[in-house]
$ cat my_file_29.cif   # mmCIF, C-alpha atoms and all ligand atoms
data_coords
#
loop_
_atom_site.label_atom_id
_atom_site.label_comp_id
_atom_site.auth_asym_id
_atom_site.auth_seq_id
_atom_site.Cartn_x
_atom_site.Cartn_y
_atom_site.Cartn_z
CA MET A 1 6.01 -5.49 -17.28
CA ILE A 2 7.14 -2.18 -15.89
CA GLU A 3 10.70 -1.31 -15.08
CA LEU A 4 12.19 1.78 -13.50
CA ARG A 5 15.87 2.35 -14.15
CA GLN A 6 17.83 4.86 -12.11
CA LEU A 7 14.72 7.01 -11.88
CA THR A 8 15.62 10.38 -10.42
CA LYS A 9 13.56 13.49 -9.73
CA THR A 10 15.02 16.67 -8.36
CA TYR A 11 13.39 20.01 -7.63
CA GLY A 12 16.15 22.59 -7.56
CA SER A 13 18.69 21.24 -5.11
CA THR A 14 16.19 18.81 -3.52
CA THR A 15 16.44 15.20 -4.65
CA VAL A 16 13.00 13.64 -4.21
CA LEU A 17 13.65 10.37 -6.07
CA ASP A 18 17.21 9.10 -6.06
CA ARG A 19 18.21 6.55 -8.74
CA LEU A 20 15.33 4.12 -8.19
CA ASP A 21 15.57 0.69 -9.78
CA LEU A 22 12.40 -1.38 -9.67
CA LEU A 23 11.01 -4.19 -11.79
CA VAL A 24 7.41 -5.38 -11.66
CA PRO A 25 7.08 -8.46 -13.87
CA ALA A 26 3.83 -9.31 -15.64
CA GLY A 27 1.37 -11.08 -13.35
CA SER A 28 2.77 -9.73 -10.13
CA ILE A 29 2.10 -7.07 -7.53
CA THR A 30 4.85 -4.96 -6.00
CA ALA A 31 3.98 -2.78 -3.05
CA VAL A 32 5.95 0.41 -2.52
CA VAL A 33 5.76 1.43 1.12
CA GLY A 34 7.27 4.33 2.96
CA PRO A 35 6.54 7.10 5.40
CA SER A 36 4.95 10.39 4.48
CA GLY A 37 7.40 12.51 2.50
CA ALA A 38 9.37 9.49 1.24
CA GLY A 39 8.53 10.28 -2.38
CA LYS A 40 5.60 7.94 -3.09
CA SER A 41 3.36 10.52 -4.80
CA THR A 42 6.27 11.80 -6.84
CA LEU A 43 7.03 8.23 -7.89
CA ALA A 44 3.41 7.74 -9.01
CA GLN A 45 3.54 10.96 -11.04
CA CYS A 46 6.85 10.00 -12.65
CA VAL A 47 5.65 6.51 -13.57
CA THR A 48 2.76 7.97 -15.57
CA LEU A 49 5.03 10.74 -16.86
CA LEU A 50 2.59 13.36 -15.57
CA THR A 51 5.78 14.66 -14.03
CA ARG A 52 8.88 14.28 -16.18
CA PRO A 53 11.68 12.55 -14.29
CA THR A 54 14.97 14.48 -14.18
CA SER A 55 16.83 11.38 -15.36
CA GLY A 56 16.42 7.64 -15.64
CA SER A 57 13.86 5.56 -17.50
CA VAL A 58 10.33 4.24 -17.18
CA LEU A 59 9.96 1.17 -19.38
CA VAL A 60 6.58 -0.39 -20.09
CA GLY A 61 6.74 -3.63 -22.03
CA GLY A 62 10.34 -2.76 -22.89
CA GLN A 63 9.54 0.70 -24.32
CA ASP A 64 11.15 3.71 -22.66
CA LEU A 65 8.45 6.32 -22.11
CA THR A 66 10.72 9.09 -20.95
CA HIS A 67 11.93 10.19 -24.40
CA LEU A 68 8.58 10.13 -26.19
CA GLY A 69 7.03 13.30 -27.54
CA GLU A 70 3.56 14.31 -26.30
CA GLY A 71 1.62 12.47 -29.04
CA ARG A 72 3.36 9.14 -28.68
CA LEU A 73 3.44 9.51 -24.92
CA ARG A 74 -0.34 9.90 -24.83
CA GLU A 75 -0.62 6.64 -26.72
CA ALA A 76 1.92 4.85 -24.53
CA ARG A 77 0.18 6.04 -21.36
CA ARG A 78 -2.84 3.92 -22.29
CA ARG A 79 -0.80 0.94 -21.28
CA ILE A 80 -0.81 2.22 -17.69
CA GLY A 81 -4.14 2.23 -15.89
CA THR A 82 -4.25 4.29 -12.71
CA ILE A 83 -6.40 4.21 -9.62
CA PHE A 84 -6.16 6.76 -6.84
CA GLN A 85 -7.36 7.22 -3.30
CA SER A 86 -10.12 9.48 -4.53
CA ASP A 87 -12.12 7.45 -7.04
CA GLY A 88 -12.26 10.53 -9.29
CA LEU A 89 -15.64 9.54 -10.72
CA GLN A 90 -17.84 12.10 -12.41
CA THR A 91 -20.76 12.54 -10.06
CA ARG A 92 -23.37 13.27 -12.76
CA ARG A 93 -22.56 10.13 -14.69
CA THR A 94 -23.60 6.59 -13.87
CA ALA A 95 -21.11 3.83 -13.16
CA ALA A 96 -21.42 2.64 -16.76
CA GLN A 97 -20.99 6.15 -18.18
CA ASN A 98 -17.88 6.70 -16.06
CA VAL A 99 -16.33 3.47 -17.31
CA GLU A 100 -17.26 4.44 -20.85
CA LEU A 101 -15.41 7.79 -20.78
CA PRO A 102 -11.93 6.63 -21.84
CA LEU A 103 -13.51 4.66 -24.70
CA ARG A 104 -15.43 7.75 -25.83
CA TYR A 105 -12.29 9.86 -25.81
CA LEU A 106 -10.64 7.25 -27.95
CA GLY A 107 -13.52 7.34 -30.46
CA VAL A 108 -14.70 3.75 -29.96
CA VAL A 109 -18.10 3.32 -31.67
CA PRO A 110 -21.16 3.13 -29.36
CA ARG A 111 -21.99 -0.54 -29.95
CA GLU A 112 -18.45 -1.62 -29.06
CA ARG A 113 -18.41 0.75 -26.11
CA ARG A 114 -21.55 -0.78 -24.65
CA ALA A 115 -20.20 -4.30 -24.98
CA ARG A 116 -16.86 -3.35 -23.43
CA VAL A 117 -18.45 -1.46 -20.54
CA ALA A 118 -20.71 -4.43 -19.77
CA GLU A 119 -17.69 -6.73 -19.82
CA LEU A 120 -15.68 -4.40 -17.54
CA LEU A 121 -18.46 -3.97 -14.99
CA GLU A 122 -18.95 -7.74 -14.97
CA ARG A 123 -15.20 -8.11 -14.45
CA VAL A 124 -15.26 -5.96 -11.28
CA GLY A 125 -18.49 -7.50 -9.99
CA LEU A 126 -20.77 -4.53 -10.61
CA ALA A 127 -22.90 -5.75 -13.52
CA ASP A 128 -26.07 -5.13 -11.50
CA LEU A 129 -25.16 -1.58 -10.53
CA ALA A 130 -24.33 -0.15 -13.97
CA GLY A 131 -27.06 2.49 -13.76
CA ARG A 132 -26.19 3.77 -10.29
CA TYR A 133 -24.66 7.18 -9.70
CA PRO A 134 -21.50 7.44 -7.57
CA HIS A 135 -23.44 8.72 -4.53
CA GLU A 136 -25.58 5.59 -4.68
CA LEU A 137 -22.52 3.36 -4.33
CA SER A 138 -20.33 2.45 -1.34
CA GLY A 139 -16.69 3.57 -1.21
CA GLY A 140 -15.55 0.10 -2.22
CA GLN A 141 -18.01 -0.05 -5.11
CA ARG A 142 -16.91 3.37 -6.35
CA GLN A 143 -13.32 2.19 -6.27
CA ARG A 144 -14.39 -0.83 -8.36
CA VAL A 145 -15.86 1.53 -10.94
CA GLY A 146 -12.52 3.36 -10.90
CA ILE A 147 -10.72 0.07 -11.52
CA ALA A 148 -13.09 -0.84 -14.38
CA ARG A 149 -12.42 2.59 -15.92
CA ALA A 150 -8.66 2.13 -15.49
CA LEU A 151 -8.92 -1.19 -17.35
CA ALA A 152 -11.01 0.19 -20.22
CA LEU A 153 -8.07 0.65 -22.58
CA ARG A 154 -6.60 -2.77 -21.78
CA PRO A 155 -3.46 -1.59 -19.95
CA SER A 156 -0.66 -4.01 -19.11
CA VAL A 157 0.28 -2.06 -15.99
CA LEU A 158 -1.95 -0.89 -13.16
CA LEU A 159 -0.70 1.85 -10.88
CA SER A 160 -2.55 1.97 -7.59
CA ASP A 161 -1.75 5.14 -5.65
CA GLU A 162 -3.16 4.79 -2.12
CA ALA A 163 -6.26 3.23 -3.74
CA THR A 164 -7.38 1.41 -0.60
CA SER A 165 -6.40 4.14 1.86
CA GLY A 166 -9.44 5.43 3.65
CA LEU A 167 -11.62 2.42 2.79
CA ASP A 168 -13.13 0.32 5.57
CA PRO A 169 -11.46 -3.08 6.13
CA ARG A 170 -14.14 -5.03 4.28
CA SER A 171 -13.96 -2.82 1.20
CA THR A 172 -10.18 -2.93 1.34
CA ALA A 173 -10.27 -6.73 1.46
CA SER A 174 -12.59 -6.88 -1.54
CA ILE A 175 -10.45 -4.47 -3.58
CA VAL A 176 -7.34 -6.46 -2.67
CA ALA A 177 -9.05 -9.67 -3.79
CA LEU A 178 -10.05 -8.01 -7.06
CA LEU A 179 -6.50 -6.77 -7.74
CA ARG A 180 -5.12 -10.26 -7.19
CA GLU A 181 -7.73 -11.67 -9.54
CA LEU A 182 -6.79 -9.11 -12.21
CA ARG A 183 -3.13 -9.90 -11.72
CA ASP A 184 -3.82 -13.58 -12.37
CA ASP A 185 -6.48 -13.33 -15.09
CA LEU A 186 -5.04 -10.44 -17.10
CA GLY A 187 -1.37 -10.89 -16.22
CA LEU A 188 -1.15 -7.27 -15.06
CA SER A 189 1.94 -5.75 -13.49
CA ILE A 190 0.56 -3.90 -10.49
CA LEU A 191 2.51 -1.19 -8.71
CA PHE A 192 0.72 -0.75 -5.40
CA ILE A 193 1.79 2.40 -3.60
CA THR A 194 0.59 2.67 -0.03
CA HIS A 195 1.40 3.88 3.45
CA GLU A 196 -0.84 1.13 4.92
CA MET A 197 1.30 -1.79 6.02
CA ASP A 198 -1.69 -4.00 6.88
CA THR A 199 -2.79 -4.15 3.27
CA VAL A 200 0.67 -5.06 1.99
CA VAL A 201 0.66 -8.54 3.54
CA GLU A 202 -2.66 -9.25 1.84
CA VAL A 203 -1.86 -7.93 -1.60
CA ALA A 204 1.84 -7.92 -2.44
CA ASP A 205 4.13 -10.45 -4.07
CA SER A 206 7.11 -8.17 -3.45
CA VAL A 207 7.76 -5.15 -1.28
CA ALA A 208 10.00 -2.15 -1.84
CA ARG A 209 10.58 0.29 0.98
CA LEU A 210 11.09 3.89 -0.03
CA GLU A 211 12.83 6.27 2.35
CA GLN A 212 13.94 9.77 1.48
CA GLY A 213 13.67 9.02 -2.22
CA ARG A 214 15.70 5.83 -2.17
CA ILE A 215 14.65 2.20 -2.18
CA VAL A 216 16.34 0.93 0.95
CA GLU A 217 14.89 -2.58 0.91
CA SER A 218 13.30 -4.61 -1.87
CA ALA A 219 12.44 -8.30 -1.78
CA PRO A 220 9.69 -10.87 -2.25
CA LEU A 221 7.10 -10.56 0.52
CA LEU A 222 7.80 -14.03 1.86
CA ASP A 223 11.52 -13.30 2.19
CA VAL A 224 10.78 -10.10 4.05
CA LEU A 225 8.43 -11.88 6.46
CA ARG A 226 10.91 -14.68 7.03
CA ASP A 227 13.77 -12.31 7.74
CA PRO A 228 13.73 -11.32 11.42
CA GLY A 229 16.22 -8.55 10.61
CA SER A 230 14.05 -6.92 7.93
CA PRO A 231 12.64 -3.54 8.98
CA VAL A 232 9.70 -3.97 6.58
CA GLY A 233 9.07 -7.48 7.89
CA ALA A 234 8.99 -6.18 11.45
CA ALA A 235 6.61 -3.42 10.45
CA LEU A 236 4.33 -5.87 8.60
CA LEU A 237 4.26 -8.37 11.44
CA PRO A 238 5.18 -6.31 14.46
CA ARG A 239 4.52 -9.21 16.83
CA ARG A 240 7.65 -10.79 15.44
CA ALA A 241 9.79 -7.84 16.42
CA VAL A 242 12.70 -8.96 18.50
CA ALA A 243 15.23 -6.95 20.47
CA THR A 244 18.54 -7.46 18.70
CA ASP A 245 20.50 -5.53 21.35
CA PRO A 246 21.81 -8.20 23.79
CA ARG A 247 21.29 -5.82 26.73
CA LEU A 248 17.54 -5.83 26.04
CA VAL A 249 14.90 -8.46 26.76
CA THR A 250 11.87 -8.63 24.48
CA TRP A 251 8.51 -8.21 26.19
CA THR A 252 5.01 -8.36 24.76
CA VAL A 253 2.40 -6.01 26.17
CA HIS A 254 -1.32 -6.46 25.56
CA TYR A 255 -4.08 -3.93 25.98
CA ARG A 256 -6.48 -5.26 28.62
CA GLY A 257 -9.03 -2.51 29.08
CA ASP A 258 -10.46 0.65 27.58
CA ASP A 259 -8.69 3.15 29.78
CA VAL A 260 -5.04 2.66 28.90
CA PRO A 261 -3.47 6.14 29.02
CA ALA A 262 -2.04 7.29 25.70
CA ASP A 263 1.35 8.03 27.30
CA TRP A 264 1.65 4.64 29.02
CA LEU A 265 5.06 3.92 27.57
CA THR A 266 6.75 7.17 28.56
CA SER A 267 5.05 7.32 31.94
CA THR A 268 6.05 3.71 32.76
CA ALA A 269 9.63 4.37 31.66
CA ARG A 270 9.74 7.51 33.80
CA GLU A 271 8.29 5.71 36.82
CA LEU A 272 10.80 2.86 36.52
CA GLY A 273 13.73 5.11 35.65
CA HIS A 274 14.66 2.93 32.64
CA ASP A 275 14.37 3.46 28.90
CA LEU A 276 11.80 1.18 27.27
CA ALA A 277 12.25 0.71 23.53
CA LEU A 278 9.09 0.33 21.45
CA LEU A 279 10.04 -2.33 18.89
CA GLY A 280 6.66 -2.80 17.27
CA ALA A 281 2.99 -2.34 17.90
CA SER A 282 -0.28 -3.37 16.36
CA VAL A 283 -3.12 -1.48 17.93
CA SER A 284 -6.55 -0.85 16.49
CA ALA A 285 -10.09 -0.06 17.50
CA VAL A 286 -12.68 -2.82 17.30
CA THR A 287 -16.21 -1.47 17.75
CA GLY A 288 -14.75 1.54 19.47
CA ARG A 289 -12.51 -0.40 21.86
CA THR A 290 -8.77 -0.43 21.66
CA VAL A 291 -7.23 -3.81 21.12
CA GLY A 292 -3.71 -4.80 20.26
CA HIS A 293 -0.24 -5.38 21.46
CA ALA A 294 3.16 -3.83 21.56
CA THR A 295 6.62 -5.31 21.68
CA LEU A 296 9.12 -3.69 24.00
CA GLY A 297 12.85 -3.93 24.43
CA VAL A 298 13.40 -3.83 28.20
CA PRO A 299 16.81 -3.48 29.89
CA ALA A 300 17.85 -6.89 31.25
CA SER A 301 18.72 -5.21 34.56
CA LEU A 302 15.10 -4.19 35.22
CA ASP A 303 13.20 -6.29 37.78
CA PRO A 304 10.38 -8.05 35.83
CA ALA A 305 7.99 -7.86 38.81
CA LEU A 306 8.25 -4.05 38.87
CA LEU A 307 7.62 -3.82 35.12
CA ILE A 308 4.58 -6.12 35.28
CA ALA A 309 3.08 -4.19 38.20
CA ALA A 310 3.66 -0.77 36.60
CA LEU A 311 2.01 -1.85 33.35
CA GLU A 312 -0.82 -3.66 35.13
CA ARG A 313 -1.80 -0.38 36.83
CA ARG A 314 -2.12 1.18 33.36
CA GLY A 315 -4.44 -1.55 32.05
CA LEU A 316 -1.74 -3.52 30.25
CA HIS A 317 -0.71 -7.13 30.56
CA ALA A 318 3.00 -7.76 30.12
CA ARG A 319 4.99 -10.92 29.67
CA ALA A 320 8.46 -11.78 28.51
CA ALA A 321 8.07 -12.67 24.83
CA GLU A 322 8.58 -16.19 23.64
CA VAL A 323 11.00 -15.35 20.89
CA PRO A 324 10.53 -17.83 18.07
CA SER A 325 13.69 -19.33 16.70
CA THR A 326 14.56 -18.48 13.12
CA LEU A 327 13.40 -21.96 12.10
CA GLU A 328 9.97 -21.47 13.57
CA LEU A 329 9.51 -18.31 11.52
CA VAL A 330 9.50 -20.37 8.34
CA PRO A 331 5.91 -21.38 7.55
P1 LIG A 401 4.94 10.95 -0.14
O1 LIG A 401 3.93 10.77 -1.21
O2 LIG A 401 5.74 9.71 0.15
O3 LIG A 401 4.37 11.54 1.11
P2 LIG A 401 5.94 13.09 -1.83
O4 LIG A 401 6.31 12.46 -3.13
O5 LIG A 401 4.64 13.80 -1.76
O6 LIG A 401 6.05 11.99 -0.67
O7 LIG A 401 7.08 14.12 -1.42
C1 LIG A 401 8.43 13.74 -1.25
C2 LIG A 401 9.27 14.95 -1.00
O8 LIG A 401 9.35 15.75 -2.18
C3 LIG A 401 8.74 15.88 0.07
O9 LIG A 401 9.81 16.29 0.87
C4 LIG A 401 8.13 17.02 -0.70
O10 LIG A 401 8.22 18.21 0.04
C5 LIG A 401 9.00 17.08 -1.94
N1 LIG A 401 8.26 17.57 -3.11
C6 LIG A 401 7.21 16.98 -3.71
N2 LIG A 401 6.79 17.70 -4.77
C7 LIG A 401 7.59 18.79 -4.83
C8 LIG A 401 7.66 19.96 -5.69
N3 LIG A 401 6.80 20.12 -6.71
N4 LIG A 401 8.62 20.86 -5.44
C9 LIG A 401 9.49 20.68 -4.43
N5 LIG A 401 9.48 19.64 -3.58
C10 LIG A 401 8.54 18.70 -3.77
#
$ encode --input "my_file_29.cif" --output "structure tokens"
Amino acid sequence: MIELRQLTKTYGSTTVLDRLDLLVPAGSITAVVGPSGAGKSTLAQCVTLLTRPTSGSVLVGGQDLTHLGEGRLREARRRIGTIFQSDGLQTRRTAAQNVELPLRYLGVVPRERRARVAELLERVGLADLAGRYPHELSGGQRQRVGIARALALRPSVLLSDEATSGLDPRSTASIVALLRELRDDLGLSILFITHEMDTVVEVADSVARLEQGRIVESAPLLDVLRDPGSPVGAALLPRRAVATDPRLVTWTVHYRGDDVPADWLTSTARELGHDLALLGASVSAVTGRTVGHATLGVPASLDPALLIAALERRGLHARAAEVPSTLELVP
């Protein structure tokens, strides 16, 4: 279990983390999401005490790490495994040798090291690739080596700092599946820091949204997805975005072709002389083609025929959204 209590980090007069409270129980994954600059990296550094928090506590298994001296802190840190966006592997060492490093530093005897490395590589599904060098592995496989290395000292907490960012969707899916397996099999508390909302739905049991150093929303994933008023929920499932302003009607707009102009929203609004509010969007490229949809809040006074025609000319199909009732949102 890891618990943050009133965790605060200031640099001079700048407060980067502002009295964060967060609890990740054993056997669960909490995602921390937030825009760039929200304080996610600082949080990761404070959790591992690589940066000393200004005040507040980091408790792992009930022990407060913030008041430990360097020696005891080094020991306590072993209970937190970390994985980063960059796998951080040593390029001249094989997968097995990379996983072995923390055990070497700890002075584990060679025979035990070999057995443990074999067990760890098996655990992350890389038993066959033990002798490969990092450049002979895919991004997802390298990240698996990183996870095996993070697990070498049997931590109870795993801190994942943007660990799937930059991976292709298939590798991301496999890393997510592995993390869930580790959560269940080893009872790990996993703190999953990311700016990628797509991954959160797949991986998290709970979500905390960080904004300007404060946790502004924190709840079990299911609650967030069921709550039509939750900003995180809307960001995770943008199709469910709904205009809450009674003067607006919710419309769904789908990309139809390849040549939708990037400024379609502003140019349509300008042409129609009405503000169009972008409530949510999920747009991606599939084999080089843009696919996706956006949800708009459209003034009720706007003639639907004009809106449909204006968007049609820009390669977009628009229809008034069927807004599901709150009951229908419950799976
Ligand atoms: P994120 O990872 O969410 O993008 P960061 O933790 O990197 O956010 O940064 C949060 C804020 O803290 C930013 O405004 C950044 O400029 C500030 N910050 C981070 N590190 C320092 C530092 N060492 N000194 C001063 N300000 C910092």
$ residues_near_ligand --input "my_file_29.cif" --ligand "ligand LIG 401 (chain A)" --cutoff "10 Å" --atoms "only C-alpha atoms and all ligand atoms" --output "PyMOL selection string"
chain A and resi 9-17+32-46+51+161-162+193-195+210-213
$ closest_residue --input "my_file_29.cif" --among "A:Gln6, A:Val207, A:Val124, A:Ala219" --to "Phe192 (chain A)" --atoms "all atoms listed in the file"
A:Val207
$ atom_distance --input "my_file_29.cif" --atom1 "CA of Leu236 (chain A)" --atom2 "CA of Met197 (chain A)"
5.7 Å
$ residues_around --input "my_file_29.cif" --residues "Ile190 (chain A)" --least-positions-apart "6" --cutoff "8 Å" --atoms "all atoms listed in the file" --output "list in words"
Val24, Gly27, Ser28, Ile29, Thr30, Val157, Leu158, Leu159, Ser160 and Arg183 of chain A
$ write_last_selection --input "my_file_29.cif" --atoms "C-alpha atoms" --output "short mmCIF file (atom, residue, chain, number, x, y, z; two decimals), in the coordinates of the input"
data_model
loop_
_atom_site.label_atom_id
_atom_site.label_comp_id
_atom_site.auth_asym_id
_atom_site.auth_seq_id
_atom_site.Cartn_x
_atom_site.Cartn_y
_atom_site.Cartn_z
CA VAL A 24 7.41 -5.38 -11.66
CA GLY A 27 1.37 -11.08 -13.35
CA SER A 28 2.77 -9.73 -10.13
CA ILE A 29 2.10 -7.07 -7.53
CA THR A 30 4.85 -4.96 -6.00
CA VAL A 157 0.28 -2.06 -15.99
CA LEU A 158 -1.95 -0.89 -13.16
CA LEU A 159 -0.70 1.85 -10.88
CA SER A 160 -2.55 1.97 -7.59
CA ARG A 183 -3.13 -9.90 -11.72
#
$ residues_near_point --input "my_file_29.cif" --point "(-13.2, 1.1, -9.0)" --cutoff "12 Å" --atoms "only C-alpha atoms" --output "number ranges by chain"
A: 81-89, 95-96, 98-99, 120-121, 123-126, 134, 137-152, 160, 163-164, 167, 171-172, 174-176, 178-179
$ residues_around --input "my_file_29.cif" --residues "Leu20 (chain A)" --least-positions-apart "5" --cutoff "7 Å" --atoms "only C-alpha atoms" --output "list in words"
Leu4, Arg5, Gln6, Leu7, Thr8, Arg214 and Ile215 of chain A
$ atom_distance --input "my_file_29.cif" --atom1 "CA of Ala320 (chain A)" --atom2 "CA of Val249 (chain A)"
7.5 Å
$ closest_residue --input "my_file_29.cif" --among "A:Arg19, A:Arg79, A:Arg319, A:Arg113" --to "Thr252 (chain A)" --atoms "only C-alpha atoms"
A:Arg319
$ residues_around --input "my_file_29.cif" --residues "Asp275 (chain A)" --least-positions-apart "5" --cutoff "10 Å" --atoms "all atoms listed in the file" --output "list in words"
Leu265, Thr266, Thr268, Ala269, Arg270, Gly297, Val298, Pro299 and Leu302 of chain A
$ atom_distance --input "my_file_29.cif" --atom1 "CA of Leu279 (chain A)" --atom2 "CA of Thr295 (chain A)"
5.3 Å
